[in-house]
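Content type mmCIF, C-alpha atoms and all ligand atoms, from the file target.cif:
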data_query
#
loop_
_atom_site.label_atom_id
_atom_site.label_comp_id
_atom_site.auth_asym_id
_atom_site.auth_seq_id
_atom_site.Cartn_x
_atom_site.Cartn_y
_atom_site.Cartn_z
CA MET F 125 0.00 0.00 0.00
CA PRO F 126 1.38 3.46 -0.86
CA ARG F 127 2.78 5.38 2.09
CA ASP F 128 0.63 8.47 1.42
CA ILE F 129 -2.60 6.56 2.01
CA LYS F 130 -1.88 6.84 5.75
CA ARG F 131 -2.66 10.56 5.66
CA LYS F 132 -6.26 9.94 4.67
CA ALA F 133 -9.24 9.90 7.01
CA LYS F 134 -11.90 7.20 7.13
CA LEU F 135 -14.73 7.67 4.66
CA LYS F 136 -17.95 5.71 4.08
CA VAL F 137 -19.80 6.00 0.78
CA LEU F 138 -23.12 4.68 -0.51
CA HIS F 139 -23.01 4.05 -4.27
CA THR F 140 -26.21 3.58 -6.26
CA SER F 141 -27.28 4.00 -9.88
CA ASP F 142 -30.13 3.32 -12.29
CA VAL F 143 -32.89 4.22 -9.86
CA HIS F 144 -35.05 5.03 -12.93
CA LEU F 145 -37.68 7.11 -11.17
CA THR F 146 -40.87 7.19 -13.22
CA THR F 147 -43.75 8.03 -10.87
CA VAL F 148 -44.08 9.42 -7.36
CA ASP F 149 -44.70 5.83 -6.23
CA SER F 150 -41.34 4.73 -7.66
CA CYS F 151 -39.68 7.31 -5.38
CA LYS F 152 -39.96 4.74 -2.59
CA TYR F 153 -36.69 3.29 -3.87
CA LEU F 154 -34.94 6.61 -3.45
CA GLU F 155 -36.44 6.85 0.04
CA MET F 156 -35.10 3.38 0.88
CA ILE F 157 -31.69 4.45 -0.41
CA ALA F 158 -31.83 7.56 1.80
CA ASP F 159 -32.88 5.47 4.81
CA THR F 160 -30.05 3.01 4.15
CA ALA F 161 -27.56 5.89 3.87
CA LYS F 162 -28.68 7.13 7.29
CA ARG F 163 -28.74 3.64 8.83
CA GLU F 164 -25.18 3.06 7.63
CA SER F 165 -24.07 6.58 8.66
CA VAL F 166 -22.37 7.16 5.33
CA ASP F 167 -20.53 10.41 4.67
CA LEU F 168 -21.33 10.59 0.99
CA VAL F 169 -23.91 9.29 -1.50
CA LEU F 170 -23.06 8.78 -5.18
CA ILE F 171 -25.88 8.44 -7.72
CA VAL F 172 -24.16 7.24 -10.88
CA GLY F 173 -26.63 7.96 -13.66
CA ASP F 174 -30.27 7.30 -14.58
CA LEU F 175 -31.79 8.69 -11.40
CA PHE F 176 -34.72 9.51 -13.67
CA ASP F 177 -36.12 7.14 -16.26
CA SER F 178 -36.82 9.72 -18.96
CA SER F 179 -37.36 13.37 -19.81
CA ARG F 180 -41.10 12.72 -19.51
CA VAL F 181 -41.29 12.34 -15.72
CA GLU F 182 -43.76 14.74 -14.13
CA PRO F 183 -42.57 17.72 -12.07
CA ASP F 184 -43.98 16.14 -8.89
CA VAL F 185 -41.51 13.25 -9.30
CA VAL F 186 -38.62 15.70 -9.59
CA GLU F 187 -39.92 17.56 -6.52
CA ARG F 188 -40.22 14.35 -4.50
CA ALA F 189 -36.71 13.25 -5.48
CA ILE F 190 -35.20 16.58 -4.48
CA GLN F 191 -37.18 16.60 -1.24
CA THR F 192 -35.95 13.08 -0.39
CA LEU F 193 -32.31 13.97 -1.08
CA THR F 194 -32.53 17.29 0.76
CA THR F 195 -34.16 15.67 3.80
CA MET F 196 -31.50 12.94 3.82
CA ASP F 197 -29.00 15.73 4.51
CA ILE F 198 -25.93 13.77 3.43
CA LYS F 199 -23.48 15.07 0.82
CA THR F 200 -24.60 13.70 -2.54
CA VAL F 201 -23.05 13.79 -6.00
CA ILE F 202 -25.30 13.03 -8.98
CA LEU F 203 -24.02 12.05 -12.41
CA PRO F 204 -26.38 12.15 -15.43
CA GLY F 205 -26.87 8.87 -17.32
CA ASN F 206 -28.33 8.00 -20.70
CA HIS F 207 -31.93 8.19 -19.44
CA ASP F 208 -31.40 11.64 -17.94
CA GLN F 209 -28.59 12.94 -20.14
CA MET F 210 -28.00 16.69 -20.32
CA ASP F 211 -29.57 17.33 -23.71
CA GLY F 212 -31.85 20.19 -22.72
CA THR F 213 -34.77 17.95 -21.73
CA SER F 214 -33.34 16.14 -18.68
CA PRO F 215 -35.26 16.27 -15.40
CA LEU F 216 -31.83 17.08 -13.91
CA GLU F 217 -32.00 20.36 -15.83
CA ALA F 218 -35.21 21.39 -14.05
CA ALA F 219 -34.95 24.75 -12.31
CA ALA F 220 -35.36 23.03 -8.93
CA PHE F 221 -32.00 21.29 -9.39
CA LYS F 222 -30.20 24.61 -9.77
CA ASP F 223 -31.05 25.73 -6.27
CA MET F 224 -30.37 22.81 -3.97
CA GLY F 225 -27.79 24.31 -1.67
CA SER F 226 -24.39 22.87 -0.96
CA THR F 227 -25.39 19.35 0.09
CA ILE F 228 -26.24 18.08 -3.39
CA HIS F 229 -23.84 18.46 -6.31
CA LEU F 230 -24.95 17.72 -9.85
CA VAL F 231 -22.18 17.03 -12.37
CA THR F 232 -23.00 19.17 -15.42
CA GLU F 233 -19.70 19.57 -17.30
CA VAL F 234 -19.67 17.46 -20.46
CA GLU F 235 -15.86 17.57 -20.57
CA GLY F 236 -15.70 16.40 -16.96
CA GLU F 237 -15.44 18.13 -13.61
CA LEU F 238 -13.81 17.68 -10.25
CA VAL F 239 -15.86 17.84 -7.08
CA ARG F 240 -13.61 18.36 -4.07
CA LEU F 241 -15.25 17.81 -0.71
CA ALA F 242 -12.47 19.06 1.53
CA ASP F 243 -14.30 18.35 4.79
CA LEU F 244 -14.56 14.66 3.82
CA GLY F 245 -11.08 14.45 2.27
CA VAL F 246 -12.37 13.16 -1.04
CA THR F 247 -12.14 14.32 -4.65
CA ILE F 248 -14.66 12.98 -7.15
CA TRP F 249 -14.43 13.24 -10.92
CA GLY F 250 -17.20 12.66 -13.44
CA ARG F 251 -18.22 13.59 -17.00
CA ALA F 252 -21.82 14.60 -17.62
CA MET F 253 -23.36 12.69 -20.51
CA GLU F 254 -24.72 14.83 -23.31
CA GLU F 255 -25.42 12.06 -25.78
CA HIS F 256 -25.33 8.29 -25.23
CA SER F 257 -23.35 7.21 -28.30
CA PRO F 258 -20.22 5.21 -29.19
CA THR F 259 -18.24 8.47 -29.33
CA PHE F 260 -19.08 9.41 -25.73
CA GLN F 261 -16.29 7.99 -23.57
CA PRO F 262 -17.27 8.36 -19.91
CA LEU F 263 -13.64 8.20 -18.67
CA ARG F 264 -12.03 10.40 -21.33
CA GLY F 265 -10.08 13.36 -20.01
CA ILE F 266 -9.85 12.36 -16.36
CA PRO F 267 -7.03 14.41 -14.82
CA SER F 268 -4.70 13.16 -12.12
CA LEU F 269 -6.48 13.72 -8.83
CA ASP F 270 -5.02 15.18 -5.64
CA ASP F 271 -3.40 12.25 -3.87
CA GLY F 272 -3.97 13.83 -0.44
CA ASP F 273 -7.65 12.94 -0.80
CA TRP F 274 -9.46 9.72 -1.49
CA ARG F 275 -9.90 9.68 -5.24
CA ILE F 276 -13.16 8.50 -6.77
CA ALA F 277 -14.24 8.50 -10.42
CA MET F 278 -17.87 8.13 -11.53
CA ALA F 279 -18.86 6.81 -14.96
CA HIS F 280 -22.11 5.71 -16.56
CA GLY F 281 -21.69 3.35 -19.48
CA PHE F 282 -21.08 -0.12 -20.82
CA HIS F 283 -18.10 -2.13 -19.62
CA VAL F 284 -15.98 -3.51 -22.47
CA SER F 285 -13.69 -6.43 -21.61
CA ARG F 286 -10.28 -6.88 -23.19
CA GLY F 287 -10.60 -8.09 -26.78
CA GLU F 288 -14.33 -7.37 -26.93
CA MET F 289 -15.56 -5.23 -29.84
CA ILE F 290 -16.04 -1.57 -28.92
CA ASP F 291 -19.36 -1.02 -30.66
CA ARG F 292 -21.45 0.03 -27.66
CA SER F 293 -22.56 3.50 -26.62
CA SER F 294 -20.65 5.10 -23.72
CA PRO F 295 -17.93 2.42 -23.61
CA ILE F 296 -15.80 1.97 -20.48
CA LEU F 297 -12.79 -0.13 -21.43
CA ALA F 298 -11.07 -2.58 -19.07
CA GLU F 299 -7.78 -1.07 -20.26
CA GLU F 300 -8.98 2.40 -19.25
CA ILE F 301 -9.91 1.15 -15.78
CA ALA F 302 -6.49 -0.49 -15.38
CA ALA F 303 -4.79 2.83 -16.24
CA LEU F 304 -6.80 4.90 -13.73
CA ASP F 305 -5.05 6.40 -10.74
CA VAL F 306 -8.02 6.37 -8.38
CA ASP F 307 -9.08 4.49 -5.25
CA TYR F 308 -12.55 3.62 -6.54
CA LEU F 309 -14.48 3.75 -9.79
CA ALA F 310 -18.25 3.99 -9.21
CA LEU F 311 -20.09 2.67 -12.27
CA GLY F 312 -23.68 2.84 -13.48
CA HIS F 313 -25.75 1.54 -16.41
CA VAL F 314 -25.51 -2.21 -15.82
CA HIS F 315 -28.41 -3.15 -13.54
CA VAL F 316 -26.68 -5.87 -11.55
CA PHE F 317 -23.98 -5.63 -8.89
CA ARG F 318 -20.72 -6.40 -10.68
CA ASP F 319 -17.01 -6.27 -9.88
CA VAL F 320 -14.94 -5.09 -12.85
CA SER F 321 -11.82 -4.18 -10.84
CA GLU F 322 -8.46 -4.10 -12.57
CA GLY F 323 -5.25 -4.50 -10.57
CA ASN F 324 -5.23 -1.93 -7.76
CA VAL F 325 -8.27 -0.08 -9.12
CA LYS F 326 -11.49 -1.18 -7.45
CA ALA F 327 -14.34 -0.73 -9.93
CA TYR F 328 -17.95 -1.81 -9.34
CA TYR F 329 -21.39 -1.48 -10.80
CA SER F 330 -23.76 -0.95 -7.86
CA GLY F 331 -26.67 -2.33 -9.87
CA ALA F 332 -30.17 -0.87 -9.91
CA PRO F 333 -31.69 -0.72 -6.40
CA ASP F 334 -34.74 -2.81 -7.34
CA GLU F 335 -32.95 -5.80 -8.82
CA GLY F 336 -33.66 -7.98 -5.80
CA ASP F 337 -30.37 -9.71 -5.12
CA PHE F 338 -31.43 -10.30 -1.52
CA VAL F 339 -34.39 -12.16 -0.08
CA ASP F 340 -35.90 -11.36 3.33
CA LYS F 341 -37.17 -13.79 5.98
CA LEU F 342 -40.51 -14.06 4.20
CA GLY F 343 -38.85 -14.89 0.92
CA VAL F 344 -39.62 -11.48 -0.55
CA SER F 345 -37.03 -9.94 -2.82
CA VAL F 346 -35.16 -6.91 -1.39
CA GLY F 347 -33.26 -4.25 -3.32
CA HIS F 348 -29.64 -3.32 -2.79
CA VAL F 349 -26.84 -0.77 -3.04
CA ALA F 350 -23.06 -0.81 -2.75
CA VAL F 351 -21.43 0.59 0.39
CA ILE F 352 -17.72 1.32 0.36
CA THR F 353 -15.56 1.91 3.41
CA PHE F 354 -12.33 3.77 2.75
CA ASP F 355 -9.88 3.03 5.53
CA PRO F 356 -6.35 4.43 5.76
CA ASP F 357 -5.08 1.02 6.85
CA PHE F 358 -7.05 -1.22 4.51
CA GLY F 359 -7.94 0.97 1.53
CA PRO F 360 -11.41 0.66 -0.01
CA GLU F 361 -13.63 -2.31 0.87
CA ILE F 362 -16.84 -2.88 -1.08
CA PHE F 363 -20.02 -4.31 0.43
CA HIS F 364 -23.09 -5.46 -1.48
CA MET F 365 -25.83 -4.36 0.89
CA PRO F 366 -29.63 -4.86 1.07
CA LEU F 367 -31.90 -1.82 1.34
CA LEU F 368 -34.13 -1.24 4.33
CA GLU F 369 -37.38 -3.07 3.91
CA ASP F 370 -39.88 -0.85 5.70
CA LYS F 371 -41.10 1.10 2.66
CA ARG F 372 -41.84 -1.86 0.47
CA GLU F 373 -45.45 -2.45 -0.50
MN MN F 401 -28.13 3.72 -18.25
#

Take the structure from the file and write it as structure tokens.
Amino acid sequence: MPRDIKRKAKLKVLHTSDVHLTTVDSCKYLEMIADTAKRESVDLVLIVGDLFDSSRVEPDVVERAIQTLTTMDIKTVILPGNHDQMDGTSPLEAAAFKDMGSTIHLVTEVEGELVRLADLGVTIWGRAMEEHSPTFQPLRGIPSLDDGDWRIAMAHGFHVSRGEMIDRSSPILAEEIAALDVDYLALGHVHVFRDVSEGNVKAYYSGAPDEGDFVDKLGVSVGHVAVITFDPDFGPEIFHMPLLEDKRE
């Protein structure tokens, strides 16, 4: 482990993606995510694309989502995905998202932007998606991040293994992941929890929260998120974690 990692403070992150909010009723998943974030006392929530299902969601869904995130009162970084890409029609471009205070940060720069949360000792990089196409490369242009902080990259797109044809929109290449100089790559777009780590770079898809990888005592399927603990002694550790169950129908 590099010597400089010892300077870092502990950090706990909840990573989700592909919530695909459609109706006010579907916001129960975001509420379960918020409850899980509080239960786990995380410092930071990452929403890695497709918070909203389409540009056609009603304003009351956007309002409920913002209310849920604001009430959660935990630092949150939101990356647009292909269902809510920044093409002028995204629910993320609603006026309400421009006035959310300092707790919620929406990545809007299509060439990529750094979000430094100095109080948490973490720097996050992400590129806002403008158009989901083979020419959009979610990891293109990532700069070297300040090594004094934990370094996290966010990317929404399709993982391409070595040797696989690169004919998908928003490709994220295994070779690109291997070349990253970050502690964690938070991925979205694939709806199942998946480890695509390369060497020292931990890289995971959190999966959509409603995919039901867990089953409760009654045999009912339960949604999930990824929770990552960043420890100066152990580095990042990734946990596949069930959501709270109390808001299920
Ligand atoms: Mn997607």

Which residues are near F:Val148? Cut-off 7 Å, all atoms listed in the file, ignore same chain within fewer than 5 positions. Put them as a short mmCIF file (atom, residue, chain, number, x, y, z; two decimals) with C-alpha atoms, in the frame of the given file.
data_model
loop_
_atom_site.label_atom_id
_atom_site.label_comp_id
_atom_site.auth_asym_id
_atom_site.auth_seq_id
_atom_site.Cartn_x
_atom_site.Cartn_y
_atom_site.Cartn_z
CA ASP F 184 -43.98 16.14 -8.89
CA VAL F 185 -41.51 13.25 -9.30
CA ARG F 188 -40.22 14.35 -4.50
#

Checklist entry - Leaving out F:Pro215 and any residue of its chain fewer than 4 positions from it, which residues lie within 9 Å of it when counting only C-alpha atoms, given as a PyMOL selection string? => result chain F and resi 176+178-183+186+208-210+221

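Using only C-alpha atoms and all ligand atoms as the basis for the distance check, residues found within 7 Å of ligand MN 401 (chain F) are Asp142, Gly173, Asp174, Gly205, Asn206, His207, His280, Gly281, Gly312, His313 and Val314 of chain F.
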
Checklist entry - Residues at most 12 Å from stretch 192-195 of chain F, counting only C-alpha atoms, excluding those fewer than 4 positions away in the same chain, as a PyMOL selection string? => result chain F and resi 148+151-159+161-162+168-171+175+185-188+199-202+220-221+223-229

Skip F:Gly245 itself and residues of its chain fewer than 2 positions away, then list as a PDB file with C-alpha atoms, in the coordinates of the input all residues within 12 Å of it, counting all atoms listed in the file.
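out-v5.pdb, freshly written:
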ATOM      1  CA  ILE F 129      -2.600   6.560   2.010  1.00  0.00           C
ATOM      2  CA  ARG F 131      -2.660  10.560   5.660  1.00  0.00           C
ATOM      3  CA  LYS F 132      -6.260   9.940   4.670  1.00  0.00           C
ATOM      4  CA  ALA F 133      -9.240   9.900   7.010  1.00  0.00           C
ATOM      5  CA  LYS F 134     -11.900   7.200   7.130  1.00  0.00           C
ATOM      6  CA  LEU F 135     -14.730   7.670   4.660  1.00  0.00           C
ATOM      7  CA  LYS F 136     -17.950   5.710   4.080  1.00  0.00           C
ATOM      8  CA  ASP F 167     -20.530  10.410   4.670  1.00  0.00           C
ATOM      9  CA  LEU F 168     -21.330  10.590   0.990  1.00  0.00           C
ATOM     10  CA  VAL F 239     -15.860  17.840  -7.080  1.00  0.00           C
ATOM     11  CA  ARG F 240     -13.610  18.360  -4.070  1.00  0.00           C
ATOM     12  CA  LEU F 241     -15.250  17.810  -0.710  1.00  0.00           C
ATOM     13  CA  ALA F 242     -12.470  19.060   1.530  1.00  0.00           C
ATOM     14  CA  ASP F 243     -14.300  18.350   4.790  1.00  0.00           C
ATOM     15  CA  THR F 247     -12.140  14.320  -4.650  1.00  0.00           C
ATOM     16  CA  ILE F 248     -14.660  12.980  -7.150  1.00  0.00           C
ATOM     17  CA  ASP F 270      -5.020  15.180  -5.640  1.00  0.00           C
ATOM     18  CA  ASP F 271      -3.400  12.250  -3.870  1.00  0.00           C
ATOM     19  CA  GLY F 272      -3.970  13.830  -0.440  1.00  0.00           C
ATOM     20  CA  ASP F 273      -7.650  12.940  -0.800  1.00  0.00           C
ATOM     21  CA  TRP F 274      -9.460   9.720  -1.490  1.00  0.00           C
ATOM     22  CA  ARG F 275      -9.900   9.680  -5.240  1.00  0.00           C
ATOM     23  CA  ILE F 276     -13.160   8.500  -6.770  1.00  0.00           C
ATOM     24  CA  PHE F 354     -12.330   3.770   2.750  1.00  0.00           C
ATOM     25  CA  ASP F 355      -9.880   3.030   5.530  1.00  0.00           C
ATOM     26  CA  PRO F 356      -6.350   4.430   5.760  1.00  0.00           C
TER      27      PRO F 356
END

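Using only C-alpha atoms, the nearest neighbour of F:Glu254 within the list F:Pro267, F:Pro204, F:Gly287, F:Gly331 is F:Pro204.
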
To box stretch 290-299 of chain F, take all atoms listed in the file, fit an axis-aligned box, add 3 Å on each side, and give centre and edge lengths in Å to one decimal, as lines of an AutoDock Vina configuration file.
center_x = -15.2
center_y = 1.3
center_z = -24.9
size_x = 20.8
size_y = 13.7
size_z = 17.6

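If you look at atom CA of F:Thr213 and atom CA of F:Glu255, they are 11.8 Å away from each other.
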
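Distance annotation: of F:Leu297, F:Ala302, F:Ala310, F:Ala332, the residue with the minimal separation from F:His283 is F:Leu297; atom set is only C-alpha atoms.
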
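In this structure, atom CA of F:Lys326 sits 16.8 Å away from atom CA of F:Arg286.
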
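The spacing separating atom CA of F:Ser330 from atom CA of F:Phe317 amounts to 4.8 Å.
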
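If you measure from each of F:Glu237, F:Asp340, F:Glu217, F:Asp319 to F:Ile301 using all atoms listed in the file, the closest one turns out to be F:Asp319.
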
Next on the checklist: When you look at F:Ala252 with a cut-off of 6 Å (counting only C-alpha atoms), what residues show up, excluding the ones that are within fewer than 5 positions of it in the same chain? I need them as a ChimeraX atom specification.
Outcome noted: /F:204,231-234

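Among the candidates F:Gly359, F:Leu244, F:Leu230, F:Glu299, the residue lying nearest to F:Leu263 is F:Glu299 (atoms considered: only C-alpha atoms).
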
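Of the listed residues F:Gly323, F:Pro295, F:Gly236, F:Gly343, the one whose atoms come nearest to F:Pro258 is F:Pro295, with distances taken using only C-alpha atoms.
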
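Considering the residues F:Tyr308, F:Leu145, F:Thr259, F:Val320 and counting all atoms listed in the file, F:Ser294 has its shortest atom-to-atom contact with F:Thr259.
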
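Residues with any atom within 8 Å of the point (-26.0, 0.1, -29.9), counting only C-alpha atoms, are Ser257, Pro258, Asp291, Arg292 and Ser293 of chain F.
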
Can you write stretch 349-370 of chain F from the block above with C-alpha atoms, as a PDB file, in the first residue's frame?
ATOM      1  CA  VAL F 349     -26.837  -0.768  -3.038  1.00  0.00           C
ATOM      2  CA  ALA F 350     -23.064  -0.809  -2.753  1.00  0.00           C
ATOM      3  CA  VAL F 351     -21.430   0.590   0.391  1.00  0.00           C
ATOM      4  CA  ILE F 352     -17.716   1.316   0.357  1.00  0.00           C
ATOM      5  CA  THR F 353     -15.565   1.914   3.409  1.00  0.00           C
ATOM      6  CA  PHE F 354     -12.329   3.768   2.753  1.00  0.00           C
ATOM      7  CA  ASP F 355      -9.877   3.033   5.531  1.00  0.00           C
ATOM      8  CA  PRO F 356      -6.346   4.433   5.759  1.00  0.00           C
ATOM      9  CA  ASP F 357      -5.083   1.015   6.848  1.00  0.00           C
ATOM     10  CA  PHE F 358      -7.052  -1.223   4.508  1.00  0.00           C
ATOM     11  CA  GLY F 359      -7.944   0.971   1.532  1.00  0.00           C
ATOM     12  CA  PRO F 360     -11.406   0.658  -0.010  1.00  0.00           C
ATOM     13  CA  GLU F 361     -13.628  -2.312   0.867  1.00  0.00           C
ATOM     14  CA  ILE F 362     -16.842  -2.875  -1.076  1.00  0.00           C
ATOM     15  CA  PHE F 363     -20.021  -4.314   0.430  1.00  0.00           C
ATOM     16  CA  HIS F 364     -23.087  -5.458  -1.478  1.00  0.00           C
ATOM     17  CA  MET F 365     -25.833  -4.365   0.894  1.00  0.00           C
ATOM     18  CA  PRO F 366     -29.626  -4.857   1.066  1.00  0.00           C
ATOM     19  CA  LEU F 367     -31.905  -1.822   1.345  1.00  0.00           C
ATOM     20  CA  LEU F 368     -34.128  -1.236   4.331  1.00  0.00           C
ATOM     21  CA  GLU F 369     -37.377  -3.067   3.912  1.00  0.00           C
ATOM     22  CA  ASP F 370     -39.882  -0.848   5.699  1.00  0.00           C
TER      23      ASP F 370
END
